[in-house]
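Q: Input file: entry-v2.cif. Contents: mmCIF, C-alpha atoms.
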data_my_file
loop_
_atom_site.label_atom_id
_atom_site.label_comp_id
_atom_site.auth_asym_id
_atom_site.auth_seq_id
_atom_site.Cartn_x
_atom_site.Cartn_y
_atom_site.Cartn_z
CA MET A 1 -101.34 167.06 2.06
CA ASN A 2 -103.79 168.28 4.73
CA SER A 3 -104.81 171.93 5.01
CA GLU A 4 -104.90 172.19 8.82
CA PHE A 5 -101.18 171.79 9.44
CA SER A 6 -98.25 173.51 7.77
CA ARG A 7 -95.28 171.68 6.27
CA ASP A 8 -93.17 173.09 9.12
CA GLU A 9 -95.51 171.51 11.70
CA ILE A 10 -95.40 168.18 9.88
CA ALA A 11 -91.59 168.33 9.65
CA ARG A 12 -91.23 169.27 13.34
CA ALA A 13 -93.45 166.37 14.39
CA ARG A 14 -91.41 164.02 12.21
CA ALA A 15 -88.17 165.29 13.73
CA TYR A 16 -89.55 164.63 17.21
CA HIS A 17 -90.97 161.15 16.55
CA GLY A 18 -88.41 159.68 14.14
CA PRO A 19 -85.67 159.04 16.72
CA LEU A 20 -88.29 157.75 19.17
CA TYR A 21 -89.33 155.04 16.72
CA LEU A 22 -85.67 154.03 16.34
CA ALA A 23 -85.27 154.02 20.13
CA LEU A 24 -88.32 151.78 20.46
CA LEU A 25 -86.81 149.37 17.94
CA ALA A 26 -83.49 149.43 19.82
CA ASP A 27 -85.30 148.71 23.09
CA LEU A 28 -87.08 145.76 21.47
CA ALA A 29 -83.78 144.39 20.18
CA LEU A 30 -82.17 144.86 23.59
CA SER A 31 -85.03 143.07 25.34
CA ALA A 32 -85.03 140.16 22.91
CA GLY A 33 -81.25 139.90 22.98
CA LEU A 34 -81.16 139.83 26.76
CA LEU A 35 -83.82 137.14 26.96
CA ALA A 36 -81.99 135.06 24.34
CA ALA A 37 -78.75 135.39 26.30
CA LEU A 38 -80.50 134.36 29.51
CA ALA A 39 -82.11 131.40 27.75
CA TRP A 40 -79.13 129.99 25.86
CA SER A 41 -75.90 131.26 27.40
CA ALA A 42 -74.05 131.10 30.68
CA LEU A 43 -75.62 134.43 31.66
CA GLY A 44 -78.85 132.66 32.61
CA ASP A 45 -77.01 130.13 34.77
CA TRP A 46 -75.10 132.95 36.46
CA LEU A 47 -78.25 134.89 37.28
CA PHE A 48 -80.06 131.80 38.55
CA SER A 49 -77.14 130.36 40.54
CA PRO A 50 -77.93 132.18 43.86
CA LEU A 51 -81.42 130.65 43.81
CA GLN A 52 -80.49 126.97 43.46
CA SER A 53 -81.00 126.23 47.14
CA LEU A 54 -84.61 127.48 47.06
CA SER A 55 -87.66 125.37 46.34
CA PRO A 56 -88.68 125.44 42.66
CA VAL A 57 -91.68 127.68 43.29
CA ALA A 58 -89.74 130.13 45.46
CA ALA A 59 -86.90 130.10 42.93
CA ALA A 60 -89.43 130.83 40.16
CA ALA A 61 -90.74 133.90 41.98
CA ALA A 62 -87.24 135.17 42.78
CA TYR A 63 -85.93 134.50 39.26
CA ALA A 64 -88.85 136.36 37.68
CA ALA A 65 -88.16 139.35 39.91
CA LEU A 66 -84.42 139.17 39.12
CA VAL A 67 -84.98 138.96 35.36
CA THR A 68 -87.39 141.89 35.50
CA ALA A 69 -84.96 143.99 37.53
CA PHE A 70 -81.95 143.03 35.39
CA SER A 71 -83.79 143.87 32.18
CA SER A 72 -84.99 147.19 33.59
CA PHE A 73 -81.46 148.09 34.72
CA LEU A 74 -79.95 147.42 31.29
CA ARG A 75 -82.72 149.30 29.50
CA THR A 76 -82.82 152.31 31.86
CA PRO A 77 -80.26 154.48 29.97
CA LEU A 78 -82.23 154.23 26.73
CA ALA A 79 -85.52 154.68 28.58
CA CYS A 80 -84.12 157.74 30.34
CA TRP A 81 -83.04 159.28 27.04
CA ARG A 82 -86.40 158.54 25.45
CA GLY A 83 -88.72 159.25 28.37
CA TRP A 84 -86.97 162.05 30.25
CA TRP A 85 -83.94 163.72 28.65
CA ARG A 86 -85.48 164.10 25.21
CA GLU A 87 -88.83 165.14 26.66
CA ARG A 88 -87.03 167.86 28.61
CA ARG A 89 -85.17 168.95 25.49
CA TRP A 90 -88.46 169.32 23.62
CA SER A 91 -90.03 171.19 26.59
CA PHE A 92 -92.57 168.47 27.38
CA SER A 93 -91.29 167.10 30.66
CA THR A 94 -91.78 169.14 33.82
CA GLN A 95 -90.26 166.41 35.98
CA GLY A 96 -86.79 166.22 37.50
CA LEU A 97 -84.58 163.21 36.97
CA GLY A 98 -85.24 162.03 40.52
CA GLY A 99 -88.98 162.06 39.95
CA TRP A 100 -88.61 160.17 36.68
CA LEU A 101 -86.41 157.54 38.31
CA GLY A 102 -88.90 157.27 41.16
CA ASP A 103 -91.73 156.58 38.75
CA ARG A 104 -89.60 154.01 36.95
CA ALA A 105 -88.83 152.32 40.27
CA LYS A 106 -92.55 152.15 41.07
CA GLY A 107 -93.26 150.60 37.69
CA LEU A 108 -90.45 148.11 38.21
CA GLY A 109 -91.85 147.15 41.60
CA VAL A 110 -95.31 146.50 40.17
CA SER A 111 -93.90 144.54 37.21
CA ALA A 112 -91.60 142.46 39.41
CA LEU A 113 -94.42 141.63 41.83
CA LEU A 114 -96.88 140.63 39.10
CA GLY A 115 -94.23 138.70 37.16
CA ALA A 116 -93.06 136.82 40.23
CA ALA A 117 -96.60 135.80 41.15
CA ALA A 118 -97.45 134.69 37.61
CA TRP A 119 -94.28 132.63 37.06
CA ALA A 120 -94.40 131.03 40.51
CA ALA A 121 -98.00 129.99 39.85
CA ALA A 122 -97.09 128.59 36.41
CA VAL A 123 -94.19 126.55 37.80
CA ALA A 124 -96.31 125.27 40.69
CA LEU A 125 -99.09 124.18 38.32
CA ALA A 126 -96.63 122.57 35.89
CA ARG A 127 -95.15 120.53 38.73
CA ALA A 128 -98.51 119.55 40.19
CA LEU A 129 -100.31 118.91 36.87
CA PRO A 130 -97.61 118.05 34.31
CA GLY A 131 -99.95 117.02 31.50
CA TRP A 132 -102.55 119.77 31.63
CA TRP A 133 -101.16 122.65 33.64
CA ALA A 134 -102.06 125.09 30.86
CA LEU A 135 -105.79 124.76 31.51
CA PRO A 136 -105.85 126.16 35.06
CA ALA A 137 -102.95 128.52 34.28
CA GLY A 138 -104.78 130.03 31.31
CA ALA A 139 -107.99 130.43 33.30
CA ALA A 140 -106.11 132.00 36.22
CA LEU A 141 -104.26 134.47 34.00
CA ALA A 142 -107.48 135.45 32.24
CA LEU A 143 -109.13 136.10 35.60
CA ALA A 144 -106.08 138.12 36.67
CA VAL A 145 -106.54 140.37 33.63
CA LEU A 146 -110.18 140.88 34.62
CA LEU A 147 -109.23 141.62 38.22
CA LEU A 148 -106.61 144.16 37.17
CA SER A 149 -109.21 145.94 35.05
CA PHE A 150 -111.23 146.48 38.23
CA VAL A 151 -108.47 147.31 40.68
CA ALA A 152 -105.96 149.24 38.52
CA PRO A 153 -107.89 152.55 38.70
CA VAL A 154 -108.05 152.47 42.50
CA VAL A 155 -104.80 150.65 43.34
CA LEU A 156 -102.22 151.19 40.58
CA GLU A 157 -103.10 154.57 39.04
CA PRO A 158 -102.81 156.44 42.39
CA LEU A 159 -99.19 155.25 42.60
CA PHE A 160 -98.34 157.59 39.75
CA ASN A 161 -100.89 160.41 39.92
CA ARG A 162 -103.10 162.21 42.37
CA PHE A 163 -106.74 162.64 41.46
CA ARG A 164 -109.44 165.09 42.47
CA PRO A 165 -113.04 165.53 41.40
CA LEU A 166 -113.68 168.10 38.70
CA GLU A 167 -114.47 171.21 40.72
CA GLU A 168 -115.70 173.64 38.04
CA GLU A 169 -119.43 173.41 38.75
CA THR A 170 -120.70 174.67 35.39
CA LEU A 171 -118.42 172.35 33.43
CA ALA A 172 -119.15 169.43 35.77
CA ALA A 173 -122.90 169.97 35.29
CA SER A 174 -122.54 170.01 31.50
CA LEU A 175 -120.52 166.81 31.60
CA ARG A 176 -123.21 165.13 33.70
CA VAL A 177 -125.77 166.16 31.07
CA LEU A 178 -123.54 164.63 28.38
CA ALA A 179 -123.36 161.41 30.38
CA GLN A 180 -127.14 161.28 30.68
CA ARG A 181 -127.56 161.84 26.95
CA ALA A 182 -125.03 159.08 26.26
CA GLY A 183 -126.93 156.68 28.49
CA VAL A 184 -123.75 155.99 30.45
CA PRO A 185 -123.71 155.70 34.25
CA VAL A 186 -120.83 158.00 35.17
CA ARG A 187 -119.66 157.54 38.72
CA GLU A 188 -116.67 159.88 38.59
CA VAL A 189 -115.06 162.47 36.37
CA LEU A 190 -111.64 163.11 37.85
CA VAL A 191 -108.74 165.47 37.22
CA ALA A 192 -105.19 164.05 37.25
CA ASP A 193 -102.22 166.18 38.26
CA ALA A 194 -100.38 165.45 35.03
CA SER A 195 -98.75 168.89 35.02
CA ARG A 196 -96.14 167.77 37.54
CA ARG A 197 -94.78 165.47 34.84
CA THR A 198 -95.65 166.87 31.43
CA THR A 199 -97.12 169.71 29.42
CA LYS A 200 -98.96 167.26 27.14
CA VAL A 201 -102.76 167.12 27.28
CA ASN A 202 -104.98 164.05 27.40
CA ALA A 203 -107.95 162.28 28.93
CA TYR A 204 -108.82 158.61 29.23
CA VAL A 205 -111.32 156.09 30.52
CA SER A 206 -110.37 153.17 32.74
CA GLY A 207 -111.95 150.56 34.95
CA ILE A 208 -115.07 148.44 34.70
CA GLY A 209 -118.30 148.57 36.68
CA ARG A 210 -117.93 150.38 39.98
CA THR A 211 -114.35 151.43 39.20
CA ARG A 212 -115.13 153.04 35.82
CA ARG A 213 -113.87 156.58 35.63
CA VAL A 214 -113.13 159.32 33.14
CA VAL A 215 -109.85 161.07 33.92
CA VAL A 216 -108.98 164.49 32.48
CA PHE A 217 -105.43 165.87 32.68
CA ASP A 218 -105.18 169.20 34.47
CA THR A 219 -103.10 170.34 31.49
CA LEU A 220 -106.15 169.83 29.27
CA LEU A 221 -108.29 172.01 31.52
CA GLU A 222 -105.64 174.74 31.32
CA ALA A 223 -105.18 174.52 27.55
CA ALA A 224 -108.76 174.07 26.31
CA GLY A 225 -112.05 175.86 26.73
CA PRO A 226 -115.20 174.22 28.13
CA ALA A 227 -116.53 173.29 24.68
CA GLU A 228 -113.29 171.52 23.77
CA VAL A 229 -113.18 169.70 27.12
CA GLU A 230 -116.76 168.56 26.51
CA VAL A 231 -115.70 167.14 23.14
CA VAL A 232 -112.85 165.18 24.71
CA VAL A 233 -114.98 163.86 27.58
CA ALA A 234 -117.80 162.99 25.16
CA HIS A 235 -115.25 160.90 23.30
CA GLU A 236 -114.50 159.00 26.51
CA LEU A 237 -118.22 158.57 27.15
CA GLY A 238 -118.41 157.05 23.69
CA HIS A 239 -115.96 154.37 24.77
CA ARG A 240 -118.21 153.60 27.72
CA ARG A 241 -121.42 153.71 25.70
CA ASP A 242 -120.08 151.23 23.16
CA GLY A 243 -118.42 148.97 25.73
CA HIS A 244 -114.91 149.38 24.35
CA VAL A 245 -113.20 148.93 27.72
CA ALA A 246 -115.14 145.74 28.41
CA LYS A 247 -114.41 144.46 24.90
CA PHE A 248 -110.70 145.12 25.23
CA THR A 249 -110.72 143.47 28.65
CA LEU A 250 -112.38 140.40 27.16
CA LEU A 251 -109.82 140.37 24.34
CA GLY A 252 -107.08 140.69 26.93
CA MET A 253 -108.46 137.70 28.80
CA VAL A 254 -108.59 135.65 25.60
CA GLY A 255 -105.10 136.80 24.68
CA ALA A 256 -103.79 135.77 28.10
CA ALA A 257 -105.26 132.29 27.70
CA VAL A 258 -103.85 131.97 24.16
CA ALA A 259 -100.41 133.07 25.40
CA VAL A 260 -100.44 130.33 28.03
CA VAL A 261 -101.42 127.76 25.41
CA LEU A 262 -98.55 128.98 23.21
CA VAL A 263 -96.05 128.53 26.04
CA TRP A 264 -97.50 125.09 26.78
CA ALA A 265 -97.32 124.05 23.12
CA VAL A 266 -93.63 124.98 22.84
CA LEU A 267 -92.26 124.29 26.33
CA GLY A 268 -94.72 121.71 27.65
CA THR A 269 -93.67 120.22 30.99
CA ARG A 270 -90.33 122.07 30.88
CA VAL A 271 -92.15 125.00 32.51
CA ALA A 272 -91.71 123.04 35.76
CA ASP A 273 -88.08 124.26 35.58
CA PRO A 274 -87.99 127.92 36.71
CA ARG A 275 -85.00 128.56 34.42
CA THR A 276 -87.21 128.31 31.33
CA LEU A 277 -88.62 131.77 32.12
CA PRO A 278 -86.55 133.62 29.44
CA GLN A 279 -87.80 131.21 26.77
CA ALA A 280 -91.39 131.74 27.90
CA LEU A 281 -90.91 135.50 27.83
CA LEU A 282 -89.45 135.33 24.31
CA LEU A 283 -92.56 133.44 23.19
CA LEU A 284 -94.79 136.07 24.80
CA LEU A 285 -92.78 138.83 23.14
CA ALA A 286 -93.25 137.16 19.75
CA PHE A 287 -96.98 136.83 20.45
CA GLU A 288 -97.18 140.54 21.32
CA LEU A 289 -95.47 141.48 18.07
CA VAL A 290 -97.86 139.34 16.04
CA ALA A 291 -100.83 140.96 17.82
CA LEU A 292 -99.62 144.55 17.28
CA ALA A 293 -101.22 145.21 13.89
CA PRO A 294 -104.68 143.71 14.57
CA GLY A 295 -104.75 145.28 18.02
CA ALA A 296 -103.88 148.71 16.66
CA ALA A 297 -106.44 148.39 13.86
CA LEU A 298 -109.20 147.49 16.31
CA SER A 299 -108.20 150.33 18.62
CA ARG A 300 -108.32 152.84 15.74
CA ARG A 301 -111.79 151.55 14.84
CA PHE A 302 -112.96 152.09 18.42
CA GLU A 303 -111.41 155.56 18.47
CA ARG A 304 -113.28 156.56 15.30
CA ALA A 305 -116.53 155.33 16.84
CA ALA A 306 -115.83 157.36 19.98
CA ASP A 307 -115.07 160.44 17.84
CA ARG A 308 -118.45 160.05 16.11
CA CYS A 309 -120.08 159.73 19.52
CA SER A 310 -118.46 162.96 20.68
CA LEU A 311 -119.85 164.75 17.62
CA GLU A 312 -123.31 163.25 18.15
CA LEU A 313 -123.38 164.19 21.83
CA THR A 314 -121.98 167.71 21.57
CA ARG A 315 -123.08 168.61 18.03
CA GLN A 316 -120.21 171.08 17.97
CA PRO A 317 -118.02 170.25 14.94
CA ALA A 318 -116.13 173.53 15.31
CA ALA A 319 -115.19 172.67 18.90
CA PHE A 320 -114.30 169.14 17.75
CA ALA A 321 -111.88 170.60 15.21
CA ARG A 322 -110.37 173.03 17.74
CA ALA A 323 -109.93 170.26 20.30
CA HIS A 324 -108.07 167.95 17.94
CA LEU A 325 -105.96 170.74 16.53
CA GLU A 326 -104.96 171.68 20.09
CA LEU A 327 -104.29 168.06 21.05
CA ALA A 328 -102.10 167.53 18.01
CA ARG A 329 -100.13 170.74 18.45
CA ARG A 330 -99.67 170.55 22.20
CA ASN A 331 -98.67 166.87 22.08
CA LEU A 332 -96.68 167.24 18.84
CA SER A 333 -98.53 164.27 17.34
CA ASP A 334 -97.01 162.57 14.32
CA LEU A 335 -99.14 163.90 11.48
CA GLU A 336 -97.77 161.73 8.67
CA PRO A 337 -96.24 158.62 10.28
CA PRO A 338 -94.46 155.95 8.22
CA ARG A 339 -96.99 153.43 7.01
CA LEU A 340 -95.51 150.48 8.92
CA VAL A 341 -95.36 152.52 12.12
CA TYR A 342 -98.99 153.53 11.64
CA LEU A 343 -100.11 149.94 11.10
CA LEU A 344 -98.21 148.53 14.08
CA LEU A 345 -98.19 151.26 16.71
CA PHE A 346 -100.95 153.81 16.14
CA SER A 347 -103.84 153.04 18.47
CA HIS A 348 -105.51 156.31 17.37
CA PRO A 349 -106.13 157.77 13.92
CA THR A 350 -103.83 160.64 13.02
CA ALA A 351 -104.99 164.18 13.70
CA PRO A 352 -105.68 164.85 9.99
CA GLU A 353 -107.82 161.69 9.86
CA ARG A 354 -109.81 162.78 12.88
CA LEU A 355 -110.33 166.25 11.48
CA ALA A 356 -111.51 164.73 8.19
CA LEU A 357 -114.00 162.61 10.11
CA GLY A 358 -115.31 165.77 11.77
CA ARG A 359 -115.73 167.52 8.43
CA ALA A 360 -117.54 164.50 6.95
CA TRP A 361 -119.89 164.34 9.95
CA HIS A 362 -120.60 168.06 9.68
CA ALA A 363 -121.36 167.78 5.95
CA ALA A 364 -123.72 164.87 6.56
CA ASN A 365 -125.55 166.52 9.46
CA SER A 366 -125.74 170.19 8.45
#
Turn the structure described in the file into structure tokens.
A:
Amino acid sequence: MNSEFSRDEIARARAYHGPLYLALLADLALSAGLLAALAWSALGDWLFSPLQSLSPVAAAAAYAALVTAFSSFLRTPLACWRGWWRERRWSFSTQGLGGWLGDRAKGLGVSALLGAAAWAAAVALARALPGWWALPAGAALALAVLLLSFVAPVVLEPLFNRFRPLEEETLAASLRVLAQRAGVPVREVLVADASRRTTKVNAYVSGIGRTRRVVVFDTLLEAAGPAEVEVVVAHELGHRRDGHVAKFTLLGMVGAAVAVVLVWAVLGTRVADPRTLPQALLLLLAFELVALAPGAALSRRFERAADRCSLELTRQPAAFARAHLELARRNLSDLEPPRLVYLLLFSHPTAPERLALGRAWHAANS
């Protein structure tokens, strides 16, 4: 048992998260079941039938968009319960149903566009280079991951949030000092209008090179004092200082290439047929599941390193503790997750683990 949180807080967090884990499992089963039905039943033939008159590459693009839209449609009721209705019930969501559906439609549009382009390119390469299409396809997908790392902050993120520079001059000046001490070239520290969707607090780092940015939720600025905000931003600077974003981008590029090789090894030249898309997506889903545990473990390792950086930069262990207590309570973080859930899904250490790290740092440096 940890001393920072009461048994009531632990039980309340468990009551909030438990059904969400089950909903996530149900969504996974629904996704896999739909793809299996599209791959090996008449449902796939029915969905593809309007596209038979198109060229294979055009049919591939249209079929990818159709599969994405069909899957999203079937999964929307569960997603609405999980992402909107339940969030409203627990007083987290500040968004109306129309706004939530609008955001989901935007996400669907982006997913359909990217999926259509990727599958059309794969089919075109498989038809042009039957024996070794995976080589250029893997290289192209890896480069696409790199490109998205650059453009997502300036192209995709503004679709869902509005951003403004941090206007509080004293706080902005202190954050610039932190950046200088971290040895990190900070181009922008921005504030996102998260409050129009949620009461939860957060901050993150995204982008590479000229598009790198630290983004702080406006809810965090409202809930935390300057010292706590400095701790959170110092954590994000730690990610930049240690190159975590670049490392994850590189891993994403490698993962993309490996995924293409996996599809090639199982489907081979059959990828030239656009109707093999559900089988390819099932393989990618299996690959994602296999990568969950090592990916989460690496992410937790990076998060611990960034926490140590925030302590080294701010040298305020009391503010570190207050910040993570506030984050955990405002976001209703799961304080004692099931072990399997922790191993597979937790990209961050639990709040008690982070507070213990702060105490250990303080003991070693006092």
Q: Which is closest to Leu237 in chain A among A:Leu267, A:Leu285, A:Ala280, A:Leu311, if we use all atoms listed in the file?
A: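 Smallest distance to Leu237 in chain A is found for A:Leu311.
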Q: Env of Ala61 in chain A: 12 Å cut, atoms = only C-alpha atoms, seq-sep filter 2 positions within chain, self excluded. Answer as an MDAnalysis selection string.
A: chainID A and resid 48 51 54:59 63:68 112:124 273:275 277
Q: Counting only C-alpha atoms, which residues come within 8 Å of (-96.2, 160.9, 19.7), with the point read in the file's coordinates, and could you list them as a list in words?
A: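 Every residue inside that radius is included here: His17, Asn331, Leu332, Ser333 and Asp334 of chain A.
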Q: How would the residues just chosen look if you wrote them out with C-alpha atoms as a short mmCIF file (atom, residue, chain, number, x, y, z; two decimals), in the frame of the given file?
A:
data_model
loop_
_atom_site.label_atom_id
_atom_site.label_comp_id
_atom_site.auth_asym_id
_atom_site.auth_seq_id
_atom_site.Cartn_x
_atom_site.Cartn_y
_atom_site.Cartn_z
CA HIS A 17 -90.97 161.15 16.55
CA ASN A 331 -98.67 166.87 22.08
CA LEU A 332 -96.68 167.24 18.84
CA SER A 333 -98.53 164.27 17.34
CA ASP A 334 -97.01 162.57 14.32
#
Q: What residues come out when you apply the PyMOL selection byres ((chain A and resi 320) around 12) to this file, written as a count of residues only?
A: 41
Q: To test your reading of the syntax: which residues would the PyMOL selection byres ((chain A and resi 183) around 12) return for the file shown? Reply as a list in words.
A: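 Applied to this file, the PyMOL selection byres ((chain A and resi 183) around 12) returns Arg176, Val177, Leu178, Ala179, Gln180, Arg181, Ala182, Val184, Pro185, Val186, Ala234, Leu237, Gly238, His239, Arg240, Arg241, Asp242, Gly243, Cys309 and Leu313 of chain A.
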Q: For this file, the PyMOL selection byres ((chain A and resi 283) around 10) selects which residues, as a PyMOL selection string?
A: chain A and resi 259-260+262-263+266-267+277-282+284-289
Q: So the first atom is CA of Ser206 in chain A and the second is CA of Pro153 in chain A; what is the distance between them in Å, to one decimal place?
A: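 Here the two named atoms are 6.5 Å from each other.
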Q: I'd like to know which of A:Phe248, A:Ser31, A:Arg339, A:Ser149 is closest to Leu74 in chain A, using all atoms listed in the file.
A: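 Using all atoms listed in the file, the shortest distance to Leu74 in chain A belongs to A:Ser31.
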Q: Between A:Gly109, A:Trp264, A:Leu47, A:Ala142, which residue has the minimum interatomic distance to Leu159 in chain A, considering all atoms listed in the file?
A: A:Gly109
Q: Could you jot down the CA of Ala37 in chain A to CA of Thr276 in chain A separation for me, Å, one decimal place?
A: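 CA of Thr276 in chain A lies at a distance of 12.1 Å from CA of Ala37 in chain A.
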Q: Set the distance at 7 Å and use all atoms listed in the file: which residues neighbour His348 in chain A once local chain neighbours fewer than 6 positions away are removed? I'd like the list as a tab-separated table (two decimals) with C-alpha atoms, in the frame of the given file.
A:
chain	number	residue	atom	x	y	z
A	299	SER	CA	-108.20	150.33	18.62
A	300	ARG	CA	-108.32	152.84	15.74
A	303	GLU	CA	-111.41	155.56	18.47
Q: What's the separation between CA of Thr199 in chain A and CA of Arg75 in chain A, in Å to one decimal place?
A: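 CA of Arg75 in chain A lies 25.0 Å from CA of Thr199 in chain A.
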Q: Determine the nearest neighbour of Arg164 in chain A from the options A:Leu220, A:Ala272, A:Leu129, A:Val189, counting all atoms listed in the file.
A: A:Val189
Q: Between A:Val261, A:Leu125, A:Ala134, A:Ser72, which one has atoms that come closest to Leu101 in chain A, using all atoms listed in the file?
A: A:Ser72
Q: Counting all atoms listed in the file, what is within 12 Å of Ala23 in chain A, bar same-chain residues fewer than 4 positions away, as a list in words?
A: Tyr16, His17, Gly18, Pro19, Asp27, Leu28, Ala29, Leu30, Arg75, Pro77, Leu78, Ala79, Cys80, Trp81, Arg82, Gly83 and Arg86 of chain A
Q: I want to know what sits within 12 Å of Leu298 in chain A, based on all atoms listed in the file, with residues of the same chain fewer than 3 positions away left out; could you give that as a short mmCIF file (atom, residue, chain, number, x, y, z; two decimals) with C-alpha atoms, in the frame of the given file?
A:
data_model
loop_
_atom_site.label_atom_id
_atom_site.label_comp_id
_atom_site.auth_asym_id
_atom_site.auth_seq_id
_atom_site.Cartn_x
_atom_site.Cartn_y
_atom_site.Cartn_z
CA HIS A 244 -114.91 149.38 24.35
CA LYS A 247 -114.41 144.46 24.90
CA PHE A 248 -110.70 145.12 25.23
CA LEU A 251 -109.82 140.37 24.34
CA ALA A 291 -100.83 140.96 17.82
CA LEU A 292 -99.62 144.55 17.28
CA ALA A 293 -101.22 145.21 13.89
CA PRO A 294 -104.68 143.71 14.57
CA GLY A 295 -104.75 145.28 18.02
CA ARG A 301 -111.79 151.55 14.84
CA PHE A 302 -112.96 152.09 18.42
CA GLU A 303 -111.41 155.56 18.47
CA ARG A 304 -113.28 156.56 15.30
CA ALA A 305 -116.53 155.33 16.84
CA LEU A 343 -100.11 149.94 11.10
CA LEU A 344 -98.21 148.53 14.08
CA LEU A 345 -98.19 151.26 16.71
CA PHE A 346 -100.95 153.81 16.14
CA SER A 347 -103.84 153.04 18.47
CA HIS A 348 -105.51 156.31 17.37
CA PRO A 349 -106.13 157.77 13.92
#
